[in-house]
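First comes the structure, then the notes that go with it.
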Amino acid sequence: MAVPIVHHPAYTVPLPHRRGFPMGKYGRLIQLLRDRGLATVQSLHEPDPAPRWWLELAHDSEYVDAILSQTADEAVMRRIGLPISQQLADRARASVGGTVLAARLALQRGIAINSAGGSHHAGIAHGAGYCVFNDVAVAARVLQAMGLAMAMLVIDLDVHQGDGTAEIFRGDGAVFTFSMHCQDNFPVRKQPGDRDIGLRSGLGDEDYLAILREHLADLLQTTDPDLVFYNAGVDPHQADRLGKLALTDDGLARRDGMVIGACLESGLPIACVMGGGYDRDAMLLAERHALLYGAADHCYRNLRDPARAVFHTAR
């Protein structure tokens with residue numbers, strides 16, 4: 001069985017005046033996955049866009065309305081870094097729907113990947129840093145509302161702190177947030193999550209992986225989640241233009257294999273989202289994001305226990 005991949009056509013629709021947002025990587029990535037036989041008719045799943053009530057489980061209703069009605073003012077959109085448009089609203093809703101679907105598939109199959117998502121800077125009443133709606137936060141609330149999962153763990157390994165996710169789940173005992181990021185990077189003001197690891201600039205593969213290994217087993221054991229969300233941003237890469245860490249391709253692949261492998265070996269379903277990654281060469285960037293899919297495919301074929309094929313009923 002192949003790893004389920006969630007993809008929506010809106011992910012690749014160009015945004016007007018995107019101002020540095022690496023839109024080209026999404027189309028290059030899905031084509032790369034098709035060429036490698038990882039994205040097939042059987043493995044691809046198209047989500048429905050998130051309805052308003054889903055978005056309002058994690059976000060202020062006035063903010064949601066301003067985005068969906070395209071009435072958000074310039075200050076709101078300046079913080080996001082993208083101009084308001086119908087394409088932006090449609091894409092944001094599709095991305096959230098994609099993470100909800102990835103989570104539901106992960107509960108059934110053990111793992112699933114949304115080929116977008118990871119908008120972790122979006123807080124309760126605002127977006128920021130190219131993030132409109134916080135897809136992981138909304139997905140967690142939707143699963144809880146549907147009674148599909150209650151306790152969840154967010155493992156955020158994007159190079160930037162998951163400040164919006166931390167804000168949304170502050171004081172929430174059911175969703176544990178873990179962010180391991182470059183301390184000297186955006187956002188300037190970090191939001192306290194349940195466990196934050198701020199790394200020094202220039203940290204490379206071995207030191208990074210040693211720190212991650214130190215925390216990973218403890219997180220899975222002490223939180224005992226029904227589901228793990230994994231933000232697999234590739235901006236810790238040494239060549240990322242917004243990064244400041246120094247991971248190589250091999251380091252990113254080992255990181256992804258470590259997280260996914262630990263979850264599958266523990267019988268914990270994991271829903272992966274794409275997260276950040278910034279390079280002027282869209283194909284190079286797509287290659288970095290494709291490392292997640294290679295690691296997921298390897299782990300799924302070798303570590304998944306068929307006896308736990310329906311993970312949410314096996315626990």
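Labels for the structure tokens follow display order: chains A, B, ..., residues from 1 in each chain, ligands from 1.
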Give me, as JSON, numbers by chain, the residues of segment 1-47 of chain A that a backbone DSSP run labels strand (DSSP E).
{"A": [5, 6, 44, 45]}
Which polymer residues have any atom within 9 Å of an atom of segment 30-35 of chain A, counting only C-alpha atoms, with same-chain residues fewer than 3 positions away left out, as an MDAnalysis selection string?
chainID A and resid 7 25:27 38:40 115 283 286:287 290 293
Limited to N, CA and C atoms, could you put the picked residues into a file as a JSON list (two decimals), in the first residue's frame?
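Result written to selection-v7.json:
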[["chain", "number", "residue", "atom", "x", "y", "z"],
["A", 7, "HIS", "N", -3.87, 16.18, -2.11],
["A", 7, "HIS", "CA", -3.50, 17.28, -3.01],
["A", 7, "HIS", "C", -4.76, 17.91, -3.60],
["A", 25, "LYS", "N", 6.92, 25.88, -6.13],
["A", 25, "LYS", "CA", 7.37, 24.58, -5.61],
["A", 25, "LYS", "C", 6.25, 23.55, -5.56],
["A", 26, "TYR", "N", 5.00, 23.99, -5.42],
["A", 26, "TYR", "CA", 3.90, 23.04, -5.23],
["A", 26, "TYR", "C", 3.63, 22.24, -6.51],
["A", 27, "GLY", "N", 3.61, 22.91, -7.63],
["A", 27, "GLY", "CA", 3.40, 22.21, -8.89],
["A", 27, "GLY", "C", 4.58, 21.32, -9.24],
["A", 38, "LEU", "N", 5.24, 7.93, -6.65],
["A", 38, "LEU", "CA", 4.75, 8.07, -5.28],
["A", 38, "LEU", "C", 3.35, 8.68, -5.26],
["A", 39, "ALA", "N", 3.04, 9.53, -6.22],
["A", 39, "ALA", "CA", 1.71, 10.13, -6.34],
["A", 39, "ALA", "C", 1.01, 9.47, -7.52],
["A", 40, "THR", "N", 0.11, 8.56, -7.23],
["A", 40, "THR", "CA", -0.59, 7.79, -8.25],
["A", 40, "THR", "C", -2.10, 8.01, -8.10],
["A", 115, "SER", "N", 0.15, 17.78, 0.72],
["A", 115, "SER", "CA", 1.19, 18.39, -0.09],
["A", 115, "SER", "C", 1.14, 19.92, -0.02],
["A", 283, "MET", "N", 12.69, 23.90, -8.54],
["A", 283, "MET", "CA", 12.95, 22.47, -8.64],
["A", 283, "MET", "C", 13.84, 21.98, -7.51],
["A", 286, "ALA", "N", 11.57, 21.72, -4.58],
["A", 286, "ALA", "CA", 10.71, 20.55, -4.69],
["A", 286, "ALA", "C", 11.47, 19.28, -4.32],
["A", 287, "GLU", "N", 12.72, 19.19, -4.73],
["A", 287, "GLU", "CA", 13.55, 18.03, -4.39],
["A", 287, "GLU", "C", 13.71, 17.91, -2.88],
["A", 290, "ALA", "N", 10.52, 16.67, -1.43],
["A", 290, "ALA", "CA", 10.28, 15.27, -1.81],
["A", 290, "ALA", "C", 11.00, 14.30, -0.88],
["A", 293, "TYR", "N", 8.58, 12.51, 1.39],
["A", 293, "TYR", "CA", 7.79, 11.45, 0.78],
["A", 293, "TYR", "C", 8.62, 10.17, 0.63]]
Would you please work out which residue, of A:His215, A:Lys190, A:Arg280, A:His160, is nearest to Pro236 of chain A when using only C-alpha atoms?
A:His160
Best match for closeness to Gly294 of chain A among A:Ile113, A:His237, A:Arg195, A:Gly20, counting only C-alpha atoms:
A:Ile113
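The residue set within 10 Å of Arg170 of chain A, counting only C-alpha atoms and dropping same-chain residues fewer than 6 places from it, reads Gly164, Phe176, Thr177, Gln191, Pro192, Gly193 and Asp194 of chain A.
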Among segment 101-219 of chain A, which residues carry a DSSP assignment of alpha helix (DSSP H), reported as number ranges by chain?
A: 101-109, 135-146, 163-168, 205-219
Dump as a PDB file, in the first residue's frame, selection limited to C-alpha atoms:
ATOM      1  CA  LEU A 101      -8.321  14.836   5.259  1.00  0.00           C
ATOM      2  CA  ALA A 102      -4.672  13.862   5.867  1.00  0.00           C
ATOM      3  CA  ALA A 103      -5.427  13.502   9.579  1.00  0.00           C
ATOM      4  CA  ARG A 104      -8.463  11.305   8.916  1.00  0.00           C
ATOM      5  CA  LEU A 105      -6.491   9.138   6.494  1.00  0.00           C
ATOM      6  CA  ALA A 106      -3.650   8.842   9.006  1.00  0.00           C
ATOM      7  CA  LEU A 107      -6.086   7.550  11.628  1.00  0.00           C
ATOM      8  CA  GLN A 108      -7.148   4.848   9.158  1.00  0.00           C
ATOM      9  CA  ARG A 109      -3.836   4.024   7.462  1.00  0.00           C
ATOM     10  CA  ASP A 135      -4.470  24.234   9.132  1.00  0.00           C
ATOM     11  CA  VAL A 136      -3.051  21.994  11.877  1.00  0.00           C
ATOM     12  CA  ALA A 137      -4.931  23.843  14.615  1.00  0.00           C
ATOM     13  CA  VAL A 138      -8.196  23.721  12.686  1.00  0.00           C
ATOM     14  CA  ALA A 139      -7.703  20.027  11.888  1.00  0.00           C
ATOM     15  CA  ALA A 140      -7.109  19.206  15.556  1.00  0.00           C
ATOM     16  CA  ARG A 141     -10.305  21.018  16.542  1.00  0.00           C
ATOM     17  CA  VAL A 142     -12.293  19.318  13.774  1.00  0.00           C
ATOM     18  CA  LEU A 143     -11.139  15.853  14.858  1.00  0.00           C
ATOM     19  CA  GLN A 144     -12.109  16.657  18.426  1.00  0.00           C
ATOM     20  CA  ALA A 145     -15.517  17.961  17.336  1.00  0.00           C
ATOM     21  CA  MET A 146     -16.111  14.775  15.347  1.00  0.00           C
ATOM     22  CA  ASP A 163       3.970  30.800  17.271  1.00  0.00           C
ATOM     23  CA  GLY A 164       0.399  30.765  15.981  1.00  0.00           C
ATOM     24  CA  THR A 165      -0.078  27.122  16.940  1.00  0.00           C
ATOM     25  CA  ALA A 166       1.334  27.813  20.401  1.00  0.00           C
ATOM     26  CA  GLU A 167      -1.066  30.737  20.850  1.00  0.00           C
ATOM     27  CA  ILE A 168      -4.134  28.765  19.783  1.00  0.00           C
ATOM     28  CA  ASP A 205      23.076  17.627  10.864  1.00  0.00           C
ATOM     29  CA  GLU A 206      24.621  15.672  13.721  1.00  0.00           C
ATOM     30  CA  ASP A 207      23.983  18.176  16.507  1.00  0.00           C
ATOM     31  CA  TYR A 208      20.456  18.820  15.230  1.00  0.00           C
ATOM     32  CA  LEU A 209      19.559  15.128  15.043  1.00  0.00           C
ATOM     33  CA  ALA A 210      21.044  14.440  18.468  1.00  0.00           C
ATOM     34  CA  ILE A 211      18.828  17.122  20.030  1.00  0.00           C
ATOM     35  CA  LEU A 212      15.765  15.830  18.199  1.00  0.00           C
ATOM     36  CA  ARG A 213      16.505  12.244  19.254  1.00  0.00           C
ATOM     37  CA  GLU A 214      16.815  13.373  22.862  1.00  0.00           C
ATOM     38  CA  HIS A 215      13.273  14.771  22.859  1.00  0.00           C
ATOM     39  CA  LEU A 216      11.365  12.523  20.461  1.00  0.00           C
ATOM     40  CA  ALA A 217      10.951   9.327  22.467  1.00  0.00           C
ATOM     41  CA  ASP A 218      10.040  11.275  25.590  1.00  0.00           C
ATOM     42  CA  LEU A 219       7.406  13.295  23.712  1.00  0.00           C
TER      43      LEU A 219
END
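If you count only C-alpha atoms and ignore residues fewer than 5 places along the chain from Pro9 of chain A, what sits within 9 Å of it is Glu46, Arg91 and Ala94 of chain A.
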Writer output for current selection, N, CA and C atoms, as an mmCIF file, in the first residue's frame:
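What follows is the written file again32.cif:
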data_model
loop_
_atom_site.group_PDB
_atom_site.id
_atom_site.type_symbol
_atom_site.label_atom_id
_atom_site.label_comp_id
_atom_site.auth_asym_id
_atom_site.auth_seq_id
_atom_site.Cartn_x
_atom_site.Cartn_y
_atom_site.Cartn_z
ATOM 1 N N GLU A 46 -8.158 14.043 -3.074
ATOM 2 C CA GLU A 46 -8.479 15.470 -3.173
ATOM 3 C C GLU A 46 -9.438 15.875 -2.057
ATOM 4 N N ARG A 91 -7.372 28.997 -1.801
ATOM 5 C CA ARG A 91 -6.222 28.137 -1.512
ATOM 6 C C ARG A 91 -6.116 27.847 -0.017
ATOM 7 N N ALA A 94 -8.667 25.273 0.914
ATOM 8 C CA ALA A 94 -8.281 23.959 0.394
ATOM 9 C C ALA A 94 -7.162 23.352 1.234
#
Between A:Leu82, A:Leu264, A:Val3, A:Leu148, which one has atoms that come closest to Leu292 of chain A, using only C-alpha atoms?
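Between A:Leu82, A:Leu264, A:Val3, A:Leu148, the residue approaching Leu292 of chain A most closely is A:Val3.
For Ala50 of chain A, the list of residues within 7 Å, based on only C-alpha atoms and with local chain neighbours fewer than 2 positions off taken out, reads Asp48, Arg52, Trp54, Leu55, Arg93, Ala94, Val96 and Gly97 of chain A.
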C-alpha atoms of the current selection, written as an mmCIF file, in the first residue's frame:
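This went into part-v6.cif:
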data_model
loop_
_atom_site.group_PDB
_atom_site.id
_atom_site.type_symbol
_atom_site.label_atom_id
_atom_site.label_comp_id
_atom_site.auth_asym_id
_atom_site.auth_seq_id
_atom_site.Cartn_x
_atom_site.Cartn_y
_atom_site.Cartn_z
ATOM 1 C CA ASP A 48 -13.032 19.431 0.104
ATOM 2 C CA ARG A 52 -16.476 28.375 7.614
ATOM 3 C CA TRP A 54 -14.276 24.491 10.703
ATOM 4 C CA LEU A 55 -12.181 27.651 10.467
ATOM 5 C CA ARG A 93 -9.576 26.802 2.588
ATOM 6 C CA ALA A 94 -8.281 23.959 0.394
ATOM 7 C CA VAL A 96 -7.034 23.403 5.697
ATOM 8 C CA GLY A 97 -9.347 20.821 4.139
#
With only C-alpha atoms as the atoms that count, which of A:Val41, A:Leu29, A:Met152, A:Leu199 lies nearest to Ala282 of chain A?
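Checking each candidate against Ala282 of chain A, we get A:Leu29 as the closest.
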Point-to-point distance in Å for atom CA of Asp240 of chain A and atom CA of Val76 of chain A
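Computing the Euclidean distance for atom CA of Val76 of chain A and atom CA of Asp240 of chain A yields 26.5 Å.
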For His120 of chain A, which of A:Ala232, A:Leu15, A:Ala75, A:Ala10 is the closest residue, counting only C-alpha atoms?
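Smallest distance to His120 of chain A is found for A:Ala232.
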Work out how far apart atom CA of Gly171 of chain A and atom CA of Ala58 of chain A are and give it in Å to one decimal.
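These two atoms are separated by 13.9 Å.
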Pairwise distance, atom CA of Asp184 of chain A with atom CA of Asp235 of chain A, equals 13.7 Å
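Proximity ranking of A:Ser61, A:Asn302, A:Asn114, A:Thr222 relative to Gly257 of chain A places A:Asn302 first, based on only C-alpha atoms.
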